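J.: Following this line is structure-v7.txt, made up of compact mmCIF, C-alpha atoms:
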# COMPACT_ATOMS: atom_id res chain seq x y z
CA MET A 1 0.00 0.00 0.00
CA PHE A 2 1.48 3.34 -1.04
CA LEU A 3 0.84 5.33 2.14
CA LEU A 4 1.88 2.67 4.63
CA SER A 5 5.12 2.01 2.76
CA TYR A 6 6.48 5.38 3.90
CA MET A 7 5.21 5.46 7.47
CA VAL A 8 8.37 3.76 8.79
CA GLN A 9 10.46 6.67 7.46
CA ARG A 10 8.90 9.27 9.77
CA LYS A 11 11.21 11.51 11.75
CA THR A 12 10.83 14.77 13.61
CA LEU A 13 11.64 17.86 11.58
CA SER A 14 14.32 20.17 12.95
CA LYS A 15 13.51 23.62 14.28
CA PRO A 16 13.62 26.47 11.75
CA THR A 17 17.02 28.08 11.20
CA ALA A 18 17.22 31.86 11.38
CA LEU A 19 18.41 34.56 8.98
CA ARG A 20 20.32 37.61 10.20
CA SER A 21 18.93 41.14 9.80
CA LYS A 22 22.19 42.35 8.25
CA ASP A 23 21.73 39.91 5.33
CA ILE A 24 18.71 41.77 3.94
CA ASP A 25 20.68 43.78 1.37
CA CYS A 26 22.20 40.73 -0.34
CA TRP A 27 18.89 39.39 -1.73
CA ARG A 28 17.73 40.09 -5.30
CA TYR A 29 14.60 39.28 -7.27
CA ARG A 30 14.49 36.00 -9.22
CA GLY A 31 10.82 35.44 -10.06
CA GLU A 32 7.41 34.52 -8.70
CA GLY A 33 4.32 32.42 -9.26
CA LYS A 34 0.85 32.14 -7.79
CA THR A 35 1.99 30.87 -4.40
CA GLY A 36 5.31 32.57 -3.74
CA LEU A 37 8.07 35.01 -4.63
CA VAL A 38 11.72 33.91 -4.94
CA VAL A 39 14.79 35.98 -4.13
CA THR A 40 18.43 34.80 -4.31
CA ASN A 41 21.82 35.86 -3.00
CA ASN A 42 25.45 35.51 -4.15
CA TYR A 43 26.12 32.54 -1.89
CA GLY A 44 24.11 29.94 -3.78
CA TRP A 45 20.84 30.22 -1.83
CA ALA A 46 17.25 30.98 -2.78
CA LEU A 47 14.48 32.14 -0.48
CA LYS A 48 10.79 31.62 -1.23
CA LEU A 49 8.29 33.97 0.43
CA ARG A 50 4.75 32.66 0.50
CA LYS A 51 1.82 34.67 -0.84
CA GLY A 52 -1.63 35.18 0.62
CA THR A 53 -1.42 33.12 3.80
CA LYS A 54 -2.43 34.12 7.31
CA GLU A 55 0.56 34.63 9.55
CA ASN A 56 -0.42 31.98 12.10
CA ASP A 57 -0.61 29.31 9.39
CA TYR A 58 2.92 29.69 8.02
CA LEU A 59 4.90 27.30 10.17
CA TYR A 60 2.22 24.59 9.96
CA LEU A 61 2.02 24.88 6.16
CA TYR A 62 5.77 24.79 5.66
CA ARG A 63 6.21 21.83 7.99
CA ARG A 64 3.38 19.96 6.28
CA ASN A 65 4.93 20.65 2.87
CA LEU A 66 8.35 19.47 4.07
CA GLN A 67 6.88 16.26 5.46
CA TYR A 68 4.95 15.67 2.26
CA VAL A 69 8.07 16.19 0.15
CA GLU A 70 10.11 13.89 2.39
CA PHE A 71 7.62 11.02 2.51
CA CYS A 72 5.92 11.21 -0.90
CA ILE A 73 7.90 13.31 -3.39
CA ALA A 74 11.58 12.65 -2.60
CA PRO A 75 11.33 8.85 -3.11
CA ILE A 76 10.05 9.50 -6.65
CA PHE A 77 12.17 12.49 -7.79
CA GLY A 78 15.30 11.33 -5.98
CA SER A 79 18.48 13.33 -6.53
CA PHE A 80 16.76 15.59 -9.09
CA LEU A 81 14.69 17.18 -6.32
CA CYS A 82 15.71 20.62 -5.06
CA TYR A 83 13.90 21.62 -1.89
CA GLY A 84 14.87 23.23 1.39
CA GLN A 85 14.11 23.96 5.02
CA VAL A 86 11.96 26.34 7.02
CA THR A 87 13.77 29.56 7.91
CA LYS A 88 12.86 32.09 10.60
CA LEU A 89 12.89 35.64 9.23
CA PRO A 90 14.14 38.68 11.17
CA PRO A 91 11.55 41.38 11.97
CA ASN A 92 10.56 43.43 8.90
CA PHE A 93 12.69 41.20 6.65
CA ALA A 94 9.97 40.48 4.10
CA MET A 95 8.84 44.11 4.02
CA SER A 96 12.41 45.32 3.38
CA VAL A 97 13.12 42.74 0.67
CA VAL A 98 9.82 43.31 -1.17
CA SER A 99 10.31 47.09 -1.08
CA LYS A 100 13.82 46.68 -2.48
CA ILE A 101 12.80 44.50 -5.43
CA GLN A 102 9.34 45.95 -6.13
CA ASN A 103 10.44 47.74 -9.33
CA ARG A 104 11.69 44.43 -10.77
CA ARG A 105 8.29 42.77 -10.51
CA SER A 106 6.00 42.62 -13.51
CA SER A 107 2.84 44.69 -13.27
CA LEU A 108 0.95 41.51 -14.10
CA LYS A 109 2.21 39.73 -10.98
CA ASP A 110 0.13 39.48 -7.85
CA SER A 111 1.51 41.63 -5.07
CA ASN A 112 -0.12 39.90 -2.12
CA ILE A 113 3.08 38.99 -0.28
CA ASP A 114 2.38 38.93 3.44
CA VAL A 115 5.20 41.24 4.57
CA LYS A 116 4.59 40.22 8.18
CA CYS A 117 5.34 36.55 7.46
CA PRO A 118 7.71 35.15 10.08
CA TYR A 119 8.93 32.17 8.02
CA ALA A 120 10.12 31.34 4.51
CA LEU A 121 11.57 28.38 2.61
CA MET A 122 15.36 28.41 2.18
CA MET A 123 16.76 26.14 -0.53
CA PRO A 124 19.85 25.75 -2.75
CA ASP A 125 19.78 28.10 -5.74
CA ALA A 126 19.13 25.86 -8.74
CA CYS A 127 20.72 28.51 -11.00
CA SER A 128 24.04 28.46 -9.16
CA LEU A 129 27.17 26.64 -10.39
CA PRO A 130 29.86 27.79 -7.94
CA GLY A 131 33.16 28.73 -9.56
CA HIS A 132 31.70 29.02 -13.06
CA ASN A 133 31.18 32.05 -15.29
CA ASP A 134 28.92 32.22 -18.35
CA VAL A 135 26.31 30.06 -16.60
CA ILE A 136 22.90 30.01 -18.23
CA THR A 137 19.85 28.49 -16.57
CA ILE A 138 16.87 27.36 -18.59
CA GLU A 139 13.68 27.01 -16.57
CA ILE A 140 10.96 24.95 -18.24
CA LYS A 141 7.48 24.24 -16.89
CA PRO A 142 6.68 21.16 -18.98
CA LYS A 143 3.09 20.66 -17.77
CA ALA A 144 1.40 17.38 -18.80
CA TYR A 145 -0.16 15.82 -21.85
CA LEU A 146 -2.48 13.56 -19.81
CA ARG A 147 -5.65 12.86 -21.72
CA THR A 148 -9.04 13.20 -20.11
CA MET A 149 -10.20 9.85 -18.72
CA GLY A 150 -13.92 10.20 -19.35
CA ASP A 151 -16.50 7.43 -19.00
CA SER A 152 -18.06 5.50 -21.86
CA SER A 153 -20.48 8.33 -22.61
CA THR A 154 -17.70 10.91 -22.96
CA PRO A 155 -14.72 9.17 -24.59
CA ILE A 156 -12.26 11.83 -25.68
CA LYS A 157 -8.69 11.81 -26.89
CA CYS A 158 -6.93 15.13 -26.51
CA CYS A 159 -3.99 16.84 -24.85
CA ARG A 160 -5.28 18.82 -21.88
CA PHE A 161 -2.48 21.36 -22.19
CA CYS A 162 -3.20 22.13 -25.85
CA SER A 163 -6.94 22.30 -25.19
CA ASN A 164 -6.40 24.75 -22.32
CA ILE A 165 -4.08 26.92 -24.43
CA GLU A 166 -6.73 27.08 -27.15
CA THR A 167 -9.42 28.00 -24.60
CA ARG A 168 -7.30 30.69 -22.94
CA TYR A 169 -6.37 32.20 -26.30
CA ASN A 170 -9.99 32.29 -27.46
CA ALA A 171 -10.95 33.93 -24.15
CA GLY A 172 -8.25 36.58 -24.60
CA THR A 173 -6.32 35.67 -21.43
CA ILE A 174 -3.08 34.99 -23.34
CA PRO A 175 -1.78 37.10 -26.25
CA SER A 176 -0.89 34.21 -28.56
CA LYS A 177 -0.84 30.45 -28.91
CA THR A 178 2.22 28.24 -28.70
CA ARG A 179 3.12 25.20 -30.79
CA TYR A 180 4.60 23.61 -27.67
CA CYS A 181 3.00 20.32 -26.65
CA PRO A 182 4.00 18.19 -23.64
CA ARG A 183 3.50 15.05 -25.74
CA ASP A 184 6.52 16.11 -27.80
CA PHE A 185 8.53 17.20 -24.77
CA PHE A 186 8.15 13.84 -23.00
CA SER A 187 8.77 11.82 -26.16
CA PRO A 188 11.69 9.34 -26.07
CA ARG A 189 12.67 10.66 -29.52
CA ALA A 190 15.20 13.50 -29.40
CA SER A 191 13.72 15.03 -32.56
CA LYS A 192 10.34 15.42 -30.85
CA VAL A 193 11.94 16.96 -27.74
CA ALA A 194 13.75 19.40 -30.07
CA GLN A 195 10.43 20.27 -31.71
CA ALA A 196 8.95 21.10 -28.29
CA ILE A 197 11.91 23.25 -27.21
CA ASN A 198 11.94 25.08 -30.55
CA ALA A 199 8.28 25.91 -29.99
CA LEU A 200 9.12 27.37 -26.57
CA PHE A 201 11.82 29.56 -28.09
CA ASP A 202 9.30 30.82 -30.65
CA GLU A 203 6.57 31.49 -28.05
CA PRO A 204 7.53 30.74 -24.43
CA LEU A 205 4.45 32.26 -22.77
CA SER A 206 5.04 31.48 -19.08
CA TYR A 207 6.55 28.04 -19.71
CA MET A 208 10.22 28.91 -20.32
CA THR A 209 12.63 31.53 -19.02
CA ILE A 210 16.42 31.81 -19.32
CA HIS A 211 18.82 33.42 -16.85
CA LYS A 212 22.44 34.26 -17.56
CA ASN A 213 24.65 34.68 -14.50
CA ASN A 214 21.48 35.08 -12.40
CA GLN A 215 19.96 37.79 -14.64
CA ARG A 216 16.79 37.02 -16.61
CA ILE A 217 17.48 37.52 -20.31
CA PHE A 218 14.71 35.56 -22.05
CA ASP A 219 10.99 35.22 -21.33
CA GLU A 220 7.58 35.93 -22.86
CA ASP A 221 8.34 39.66 -22.90
CA ASN A 222 11.88 39.34 -24.27
CA LYS A 223 12.36 36.61 -26.88
CA ASN A 224 15.77 37.77 -28.12
CA ILE A 225 18.47 35.15 -27.48
CA GLU A 226 21.36 37.04 -29.11
CA SER A 227 22.88 37.78 -25.70
CA ILE A 228 23.13 34.03 -25.07
CA LEU A 229 24.89 33.14 -28.31
CA SER A 230 28.63 33.57 -28.81
CA PRO A 231 31.49 31.76 -30.62
CA HIS A 232 32.75 30.45 -27.26
CA THR A 233 29.51 28.98 -25.90
CA TYR A 234 26.53 28.42 -28.22
CA ARG A 235 27.02 29.67 -31.76
CA THR A 236 23.43 29.13 -32.86
CA ARG A 237 20.03 28.47 -31.35
CA ASN A 238 20.24 24.88 -32.58
CA GLU A 239 23.49 24.37 -30.69
CA LEU A 240 21.84 25.62 -27.49
CA ILE A 241 18.87 23.32 -28.09
CA ASN A 242 21.26 20.38 -28.60
CA VAL A 243 22.76 21.09 -25.17
CA ILE A 244 19.31 21.26 -23.53
CA ILE A 245 18.24 17.96 -25.12
CA LYS A 246 21.46 16.20 -24.09
CA VAL A 247 20.98 17.33 -20.49
CA LEU A 248 17.30 16.34 -20.40
CA LEU A 249 18.02 12.87 -21.77
CA SER A 250 21.09 12.25 -19.59
CA LYS A 251 20.42 9.43 -17.12
CA ARG A 252 21.42 9.48 -13.47
CA SER A 253 23.59 6.51 -12.61
CA SER A 254 21.71 5.98 -9.33
CA SER A 255 18.37 5.35 -11.04
CA ASN A 256 19.28 4.85 -14.72
CA ARG A 257 16.51 7.30 -15.59
CA ASN A 258 16.54 10.82 -16.96
CA VAL A 259 14.60 13.73 -15.52
CA LEU A 260 11.80 13.44 -18.10
CA GLN A 261 11.21 9.78 -17.23
CA VAL A 262 11.08 10.59 -13.52
CA ILE A 263 8.53 13.38 -13.99
CA GLU A 264 6.38 11.38 -16.39
CA GLU A 265 6.28 8.47 -13.93
CA ALA A 266 4.99 10.82 -11.22
CA GLN A 267 2.41 12.37 -13.56
CA GLN A 268 1.02 8.94 -14.37
CA LEU A 269 0.86 7.76 -10.76
CA ASN A 270 -2.87 8.54 -10.58
CA MET A 271 -4.89 5.88 -12.37
CA LEU A 272 -8.41 7.07 -11.48
CA SER A 273 -10.65 9.41 -13.44
CA ILE A 274 -11.65 12.77 -12.00
CA PRO A 275 -15.27 11.57 -11.44
CA ASP A 276 -13.97 8.56 -9.48
CA LEU A 277 -11.73 10.79 -7.37
CA CYS A 278 -14.62 13.17 -6.71
CA HIS A 279 -16.66 10.19 -5.49
CA ILE A 280 -13.91 9.43 -2.94
CA TYR A 281 -13.81 13.12 -2.01
CA SER A 282 -17.57 13.03 -1.39
CA ARG A 283 -17.23 9.99 0.89
CA PHE A 284 -14.87 11.97 3.12
CA THR A 285 -16.93 15.16 3.14
CA SER A 286 -20.17 13.28 3.83
CA LYS A 287 -18.59 12.12 7.09
CA GLY A 288 -17.45 15.64 7.94
CA LEU A 289 -13.81 14.84 7.16
CA ASP A 290 -11.54 17.50 5.64
CA LEU A 291 -9.12 15.80 3.24
CA ASP A 292 -6.40 18.45 3.62
CA ILE A 293 -6.55 18.02 7.39
CA GLU A 294 -6.54 14.23 7.11
CA ILE A 295 -3.45 14.36 4.90
CA GLY A 296 -1.78 16.60 7.47
CA ARG A 297 -2.67 14.17 10.27
CA TRP A 298 -1.29 11.26 8.30
CA LEU A 299 1.94 13.15 7.61
CA ALA A 300 2.29 13.86 11.33
CA GLY A 301 1.66 10.20 12.17
CA GLU A 302 -1.60 11.08 13.92
CA SER A 303 -4.20 9.62 11.56
CA THR A 304 -7.18 7.87 13.14
CA LEU A 305 -8.72 6.73 9.84
CA SER A 306 -9.86 3.15 9.41
CA GLU A 307 -8.01 0.88 7.01
CA GLU A 308 -10.77 1.37 4.43
CA TYR A 309 -10.39 5.14 4.51
CA LEU A 310 -6.61 4.94 4.52
CA ARG A 311 -6.90 3.02 1.25
CA LEU A 312 -9.13 5.76 -0.15
CA LEU A 313 -6.66 8.38 1.10
CA ASP A 314 -3.98 6.46 -0.79
CA TYR A 315 -5.76 7.24 -4.07
CA ILE A 316 -6.00 10.91 -3.12
CA ILE A 317 -2.27 11.06 -2.28
CA LYS A 318 -1.39 9.53 -5.66
CA PHE A 319 -3.61 12.07 -7.39
CA SER A 320 -1.96 14.87 -5.40
CA ILE A 321 1.53 13.74 -6.44
CA SER A 322 0.36 13.55 -10.04
CA ILE A 323 -0.97 17.13 -9.89
CA ILE A 324 2.27 18.39 -8.33
CA ALA A 325 4.28 16.68 -11.09
CA GLN A 326 2.15 18.46 -13.68
CA ASP A 327 3.11 21.85 -12.25
CA ILE A 328 6.82 21.50 -11.43
CA SER A 329 9.70 23.36 -13.07
CA ILE A 330 12.86 21.85 -14.51
CA MET A 331 15.97 23.98 -13.91
CA ILE A 332 18.89 23.31 -16.26
CA SER A 333 22.12 25.19 -15.39
CA VAL A 334 24.92 24.84 -17.93
CA SER A 335 28.50 26.06 -18.13
CA PRO A 336 30.84 25.77 -21.16
CA THR A 337 33.70 25.01 -18.74
CA PRO A 338 34.52 21.34 -17.95
CA ASP A 339 34.18 20.41 -14.26
CA LYS A 340 34.77 16.87 -13.03
CA LYS A 341 32.72 17.60 -9.91
CA LEU A 342 29.60 18.04 -12.06
CA PRO A 343 27.88 15.87 -14.67
CA GLN A 344 29.17 16.59 -18.17
CA ILE A 345 27.97 16.20 -21.74
CA ILE A 346 29.80 16.44 -25.04
CA THR A 347 28.00 18.09 -27.95
CA ASN A 348 28.75 20.71 -30.59
CA GLY A 349 32.40 19.63 -30.27
CA ARG A 350 32.56 20.99 -26.70
CA VAL A 351 32.35 19.74 -23.14
CA TYR A 352 29.64 21.31 -20.97
CA SER A 353 29.14 20.96 -17.21
CA PHE A 354 25.59 21.03 -15.96
CA LYS A 355 23.14 20.61 -13.12
CA VAL A 356 19.47 19.70 -13.55
CA SER A 357 16.92 20.11 -10.77
CA ILE A 358 13.20 19.74 -10.14
CA VAL A 359 11.66 22.61 -8.16
CA ASP A 360 8.18 23.90 -7.21
CA VAL A 361 6.82 20.82 -5.46
CA ASP A 362 4.47 22.50 -3.00
CA LEU A 363 1.51 20.43 -1.83
CA LYS A 364 -1.73 21.24 -3.66
CA SER A 365 -5.07 21.38 -1.89
CA VAL A 366 -7.30 18.44 -2.85
CA LYS A 367 -10.31 20.64 -2.13
CA LYS A 368 -9.97 21.71 -5.77
CA LEU A 369 -11.24 18.32 -6.95
CA PRO A 370 -14.80 19.59 -7.63
CA ARG A 371 -13.28 22.38 -9.72
CA TYR A 372 -11.23 19.84 -11.66
CA LEU A 373 -14.44 17.91 -12.34
CA LEU A 374 -16.09 21.05 -13.71
CA GLN A 375 -13.07 21.66 -15.95
CA GLU A 376 -13.27 18.05 -17.11
CA LYS A 377 -16.93 18.42 -18.07
CA LYS A 378 -16.22 21.66 -19.95
CA LEU A 379 -13.35 20.05 -21.83
CA CYS A 380 -15.48 17.07 -22.77
CA GLN A 381 -18.22 19.41 -23.94
CA ARG A 382 -15.84 21.49 -26.07
CA LYS A 383 -14.35 18.40 -27.71
CA SER A 384 -17.74 16.83 -28.36
CA GLU A 385 -18.78 20.01 -30.20
CA VAL A 386 -15.75 19.97 -32.51
Have the structure of the file written as structure tokens, please.
T.:
Amino acid sequence: MFLLSYMVQRKTLSKPTALRSKDIDCWRYRGEGKTGLVVTNNYGWALKLRKGTKENDYLYLYRRNLQYVEFCIAPIFGSFLCYGQVTKLPPNFAMSVVSKIQNRRSSLKDSNIDVKCPYALMMPDACSLPGHNDVITIEIKPKAYLRTMGDSSTPIKCCRFCSNIETRYNAGTIPSKTRYCPRDFFSPRASKVAQAINALFDEPLSYMTIHKNNQRIFDEDNKNIESILSPHTYRTRNELINVIIKVLLSKRSSSNRNVLQVIEEAQQLNMLSIPDLCHIYSRFTSKGLDLDIEIGRWLAGESTLSEEYLRLLDYIIKFSISIIAQDISIMISVSPTPDKKLPQIITNGRVYSFKVSIVDVDLKSVKKLPRYLLQEKKLCQRKSEV
């Protein structure tokens, strides 16, 4: 049973470490998403400040996320995973950092950082390759190609990502479409992976960014890659794409799998349809049970559920991991300088050192299941009308 197999690995999490007030000035803006804002320093560390959470909930949420990552995510993602630890912030730290980097934030980004937050997540900076210059970091949010698993009355075959892009474009919420498709990205054929990456270079939307020496130089607002190309690193866009593909398809000796295989395995962990999962969700709610709370109790080793309901919770956990794997980011940091301490690839007649990491593995609330069911029905309806 999936849940019980990890219960023997429980251990008490350490107390939060603390930052010093004098370190405030060394942090700079990296980026942000719906749930947090990331700043980095020159010492190889990144700090994630959470958005829109009540102050009293911070430590509980971070500890629950850390336990979830340790028991459920780390065994799947292995050495590719980049996560961190809870850090205690000095007074006014968040307010000072956000004020300092406010002019770097896009006007389209949410600004609801709780500047009174007493905790944050400290983790290794996935863009950092100590001792190397000319480091570029490609961040890709691959998403998922999972097809809708409708019942016999609504059999559909489509890529959810492509269908959602089409819907968002028709609704005017994105300025253009992209030819990128996760089915190509997760293909075992290098030519298909190249097709997907080329599409992201043409129209990245919010699914690819590139940093050079910790400065963002390519995204949906700036699609010029001339500053990346040079005779000493990547002479053409195709050479850069060759490097990205080689890194993505490089297997870790510990697992004999590459990062794409690891992510795809996690995405496919859930084998139930959304309607079936909603039925399980309803069984919990009909008994007055909050699934998010029950997951937290299980993570803390305090679950009082019967064996039957633990088995049902097992399906929900697998679905949760699958959803997380559909929303992660792959960070590929590459240097044109050989380094025996790092993995290396040979392509374009050169040796490149690299590091590849999986980030953004925060636990998702399963209370969104009814919303997923509504999205499923709308997708089925749109496809049946085509």
J.: Go through A:Arg104, A:Asn256, A:Arg64, A:Lys88 one by one, measure the shortest atom-to-atom distance of each to Leu37 (chain A) using all atoms listed in the file, and give the residue with the smallest value.
T.: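 Smallest distance to Leu37 (chain A) is found for A:Arg104.
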J.: Let me make sure I understand: among A:Leu299, A:Ala126, A:Leu205, A:Leu59, which one has the smallest atom-to-atom distance to Ile165 (chain A) if we use all atoms listed in the file?
T.: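 Going through A:Leu299, A:Ala126, A:Leu205, A:Leu59 one by one, the smallest distance to Ile165 (chain A) is for A:Leu205.
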J.: For the atom pair CA of Lys355 (chain A) and CA of Lys251 (chain A), what is the interatomic distance in Å to one decimal place?
T.: 12.2 Å
J.: Which is closest to Asp219 (chain A) among A:Ile295, A:Leu342, A:Leu240, A:Ile138, if we use all atoms listed in the file?
T.: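 Comparing A:Ile295, A:Leu342, A:Leu240, A:Ile138 against Asp219 (chain A), the winner is A:Ile138.
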J.: Which residue is closest to Gly78 (chain A)? Choose from A:Leu47, A:Val262, A:Ala196, A:Leu374 and count all atoms listed in the file.
T.: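 Looking at the shortest contact to Gly78 (chain A), the residue is A:Val262.
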J.: Mind running region 26-127 of chain A against region 263-272 of chain A at 9 Å and telling me each contacting residue's nearest atom pair with the distance in Å (one decimal), counting all atoms listed in the file, chain and number ascending, as JSON lines?
T.:
{"residue": "A:Ile73", "atom": "CA", "partner": "A:Ala266", "partner_atom": "CA", "distance": 8.7}
{"residue": "A:Ile76", "atom": "CA", "partner": "A:Ala266", "partner_atom": "CA", "distance": 6.9}
{"residue": "A:Phe77", "atom": "CA", "partner": "A:Ile263", "partner_atom": "CA", "distance": 7.2}
J.: Within 10 Å of region 171-187 of chain A, which residues of region 37-146 of chain A show up? Give each one with its shortest atom-to-atom distance in Å (one decimal) and the two atoms involved, counting all atoms listed in the file, rows by chain then rising residue number, as a Markdown table.
T.:
| residue | atom | partner | partner_atom | distance |
| --- | --- | --- | --- | --- |
| A:Lys141 | CA | A:Pro182 | CA | 9.7 |
| A:Pro142 | CA | A:Pro182 | CA | 6.1 |
| A:Lys143 | CA | A:Pro182 | CA | 6.4 |
| A:Ala144 | CA | A:Pro182 | CA | 5.6 |
| A:Tyr145 | CA | A:Pro182 | CA | 5.1 |
| A:Leu146 | CA | A:Arg183 | CA | 8.6 |
J.: Can you pull out the residues contacting Thr87 (chain A)? Cut-off 12 Å, using all atoms listed in the file, and skip same-chain residues under 2 positions away; I want them as a list in words.
T.: Ser14, Lys15, Pro16, Thr17, Ala18, Leu19, Arg20, Ala46, Leu47, Lys48, Leu49, Tyr58, Leu59, Tyr62, Arg63, Gly84, Gln85, Leu89, Pro90, Phe93, Cys117, Pro118, Tyr119, Ala120, Leu121, Met122 and Met123 of chain A
J.: Mind rebuilding region 202-209 of chain A with all heavy atoms and writing that out as a PDB file, keeping the file's coordinate frame?
T.:
ATOM      1  N   ASP A 202      10.130  29.959 -29.797  1.00  0.00           N
ATOM      2  CA  ASP A 202       9.300  30.820 -30.650  1.00  0.00           C
ATOM      3  C   ASP A 202       8.261  31.568 -29.825  1.00  0.00           C
ATOM      4  O   ASP A 202       8.020  32.762 -30.053  1.00  0.00           O
ATOM      5  CB  ASP A 202       8.600  29.974 -31.715  1.00  0.00           C
ATOM      6  CG  ASP A 202       9.561  29.437 -32.763  1.00  0.00           C
ATOM      7  OD1 ASP A 202      10.649  30.027 -32.921  1.00  0.00           O
ATOM      8  OD2 ASP A 202       9.230  28.431 -33.410  1.00  0.00           O
ATOM      9  N   GLU A 203       7.602  30.875 -28.887  1.00  0.00           N
ATOM     10  CA  GLU A 203       6.570  31.490 -28.050  1.00  0.00           C
ATOM     11  C   GLU A 203       6.590  30.824 -26.678  1.00  0.00           C
ATOM     12  O   GLU A 203       5.944  29.807 -26.458  1.00  0.00           O
ATOM     13  CB  GLU A 203       5.186  31.344 -28.692  1.00  0.00           C
ATOM     14  CG  GLU A 203       4.075  32.025 -27.909  1.00  0.00           C
ATOM     15  CD  GLU A 203       4.426  33.437 -27.486  1.00  0.00           C
ATOM     16  OE1 GLU A 203       4.380  34.324 -28.362  1.00  0.00           O
ATOM     17  OE2 GLU A 203       4.785  33.639 -26.313  1.00  0.00           O
ATOM     18  N   PRO A 204       7.369  31.386 -25.743  1.00  0.00           N
ATOM     19  CA  PRO A 204       7.530  30.740 -24.430  1.00  0.00           C
ATOM     20  C   PRO A 204       6.331  30.890 -23.508  1.00  0.00           C
ATOM     21  O   PRO A 204       6.173  30.083 -22.589  1.00  0.00           O
ATOM     22  CB  PRO A 204       8.758  31.451 -23.846  1.00  0.00           C
ATOM     23  CG  PRO A 204       8.753  32.792 -24.487  1.00  0.00           C
ATOM     24  CD  PRO A 204       8.218  32.575 -25.885  1.00  0.00           C
ATOM     25  N   LEU A 205       5.495  31.929 -23.727  1.00  0.00           N
ATOM     26  CA  LEU A 205       4.450  32.260 -22.770  1.00  0.00           C
ATOM     27  C   LEU A 205       5.071  32.248 -21.359  1.00  0.00           C
ATOM     28  O   LEU A 205       6.084  32.876 -21.136  1.00  0.00           O
ATOM     29  CB  LEU A 205       3.259  31.308 -22.908  1.00  0.00           C
ATOM     30  CG  LEU A 205       2.488  31.419 -24.237  1.00  0.00           C
ATOM     31  CD1 LEU A 205       1.368  30.384 -24.286  1.00  0.00           C
ATOM     32  CD2 LEU A 205       1.925  32.821 -24.448  1.00  0.00           C
ATOM     33  N   SER A 206       4.452  31.527 -20.428  1.00  0.00           N
ATOM     34  CA  SER A 206       5.040  31.480 -19.080  1.00  0.00           C
ATOM     35  C   SER A 206       5.723  30.143 -18.808  1.00  0.00           C
ATOM     36  O   SER A 206       5.998  29.802 -17.655  1.00  0.00           O
ATOM     37  CB  SER A 206       3.943  31.698 -18.026  1.00  0.00           C
ATOM     38  OG  SER A 206       2.934  30.703 -18.141  1.00  0.00           O
ATOM     39  N   TYR A 207       6.065  29.398 -19.874  1.00  0.00           N
ATOM     40  CA  TYR A 207       6.550  28.040 -19.710  1.00  0.00           C
ATOM     41  C   TYR A 207       8.064  27.894 -19.894  1.00  0.00           C
ATOM     42  O   TYR A 207       8.596  26.806 -19.683  1.00  0.00           O
ATOM     43  CB  TYR A 207       5.811  27.101 -20.668  1.00  0.00           C
ATOM     44  CG  TYR A 207       4.322  27.194 -20.485  1.00  0.00           C
ATOM     45  CD1 TYR A 207       3.512  27.797 -21.442  1.00  0.00           C
ATOM     46  CD2 TYR A 207       3.716  26.741 -19.313  1.00  0.00           C
ATOM     47  CE1 TYR A 207       2.145  27.917 -21.251  1.00  0.00           C
ATOM     48  CE2 TYR A 207       2.354  26.858 -19.111  1.00  0.00           C
ATOM     49  CZ  TYR A 207       1.572  27.451 -20.085  1.00  0.00           C
ATOM     50  OH  TYR A 207       0.214  27.583 -19.886  1.00  0.00           O
ATOM     51  N   MET A 208       8.759  28.969 -20.266  1.00  0.00           N
ATOM     52  CA  MET A 208      10.220  28.910 -20.320  1.00  0.00           C
ATOM     53  C   MET A 208      10.816  30.282 -20.077  1.00  0.00           C
ATOM     54  O   MET A 208      10.357  31.283 -20.637  1.00  0.00           O
ATOM     55  CB  MET A 208      10.720  28.381 -21.670  1.00  0.00           C
ATOM     56  CG  MET A 208      12.243  28.201 -21.685  1.00  0.00           C
ATOM     57  SD  MET A 208      12.882  27.318 -23.141  1.00  0.00           S
ATOM     58  CE  MET A 208      12.824  28.626 -24.375  1.00  0.00           C
ATOM     59  N   THR A 209      11.828  30.329 -19.223  1.00  0.00           N
ATOM     60  CA  THR A 209      12.630  31.530 -19.020  1.00  0.00           C
ATOM     61  C   THR A 209      14.093  31.114 -19.031  1.00  0.00           C
ATOM     62  O   THR A 209      14.431  29.948 -18.769  1.00  0.00           O
ATOM     63  CB  THR A 209      12.309  32.226 -17.682  1.00  0.00           C
ATOM     64  OG1 THR A 209      12.572  31.311 -16.610  1.00  0.00           O
ATOM     65  CG2 THR A 209      10.858  32.670 -17.616  1.00  0.00           C
TER      66      THR A 209
END
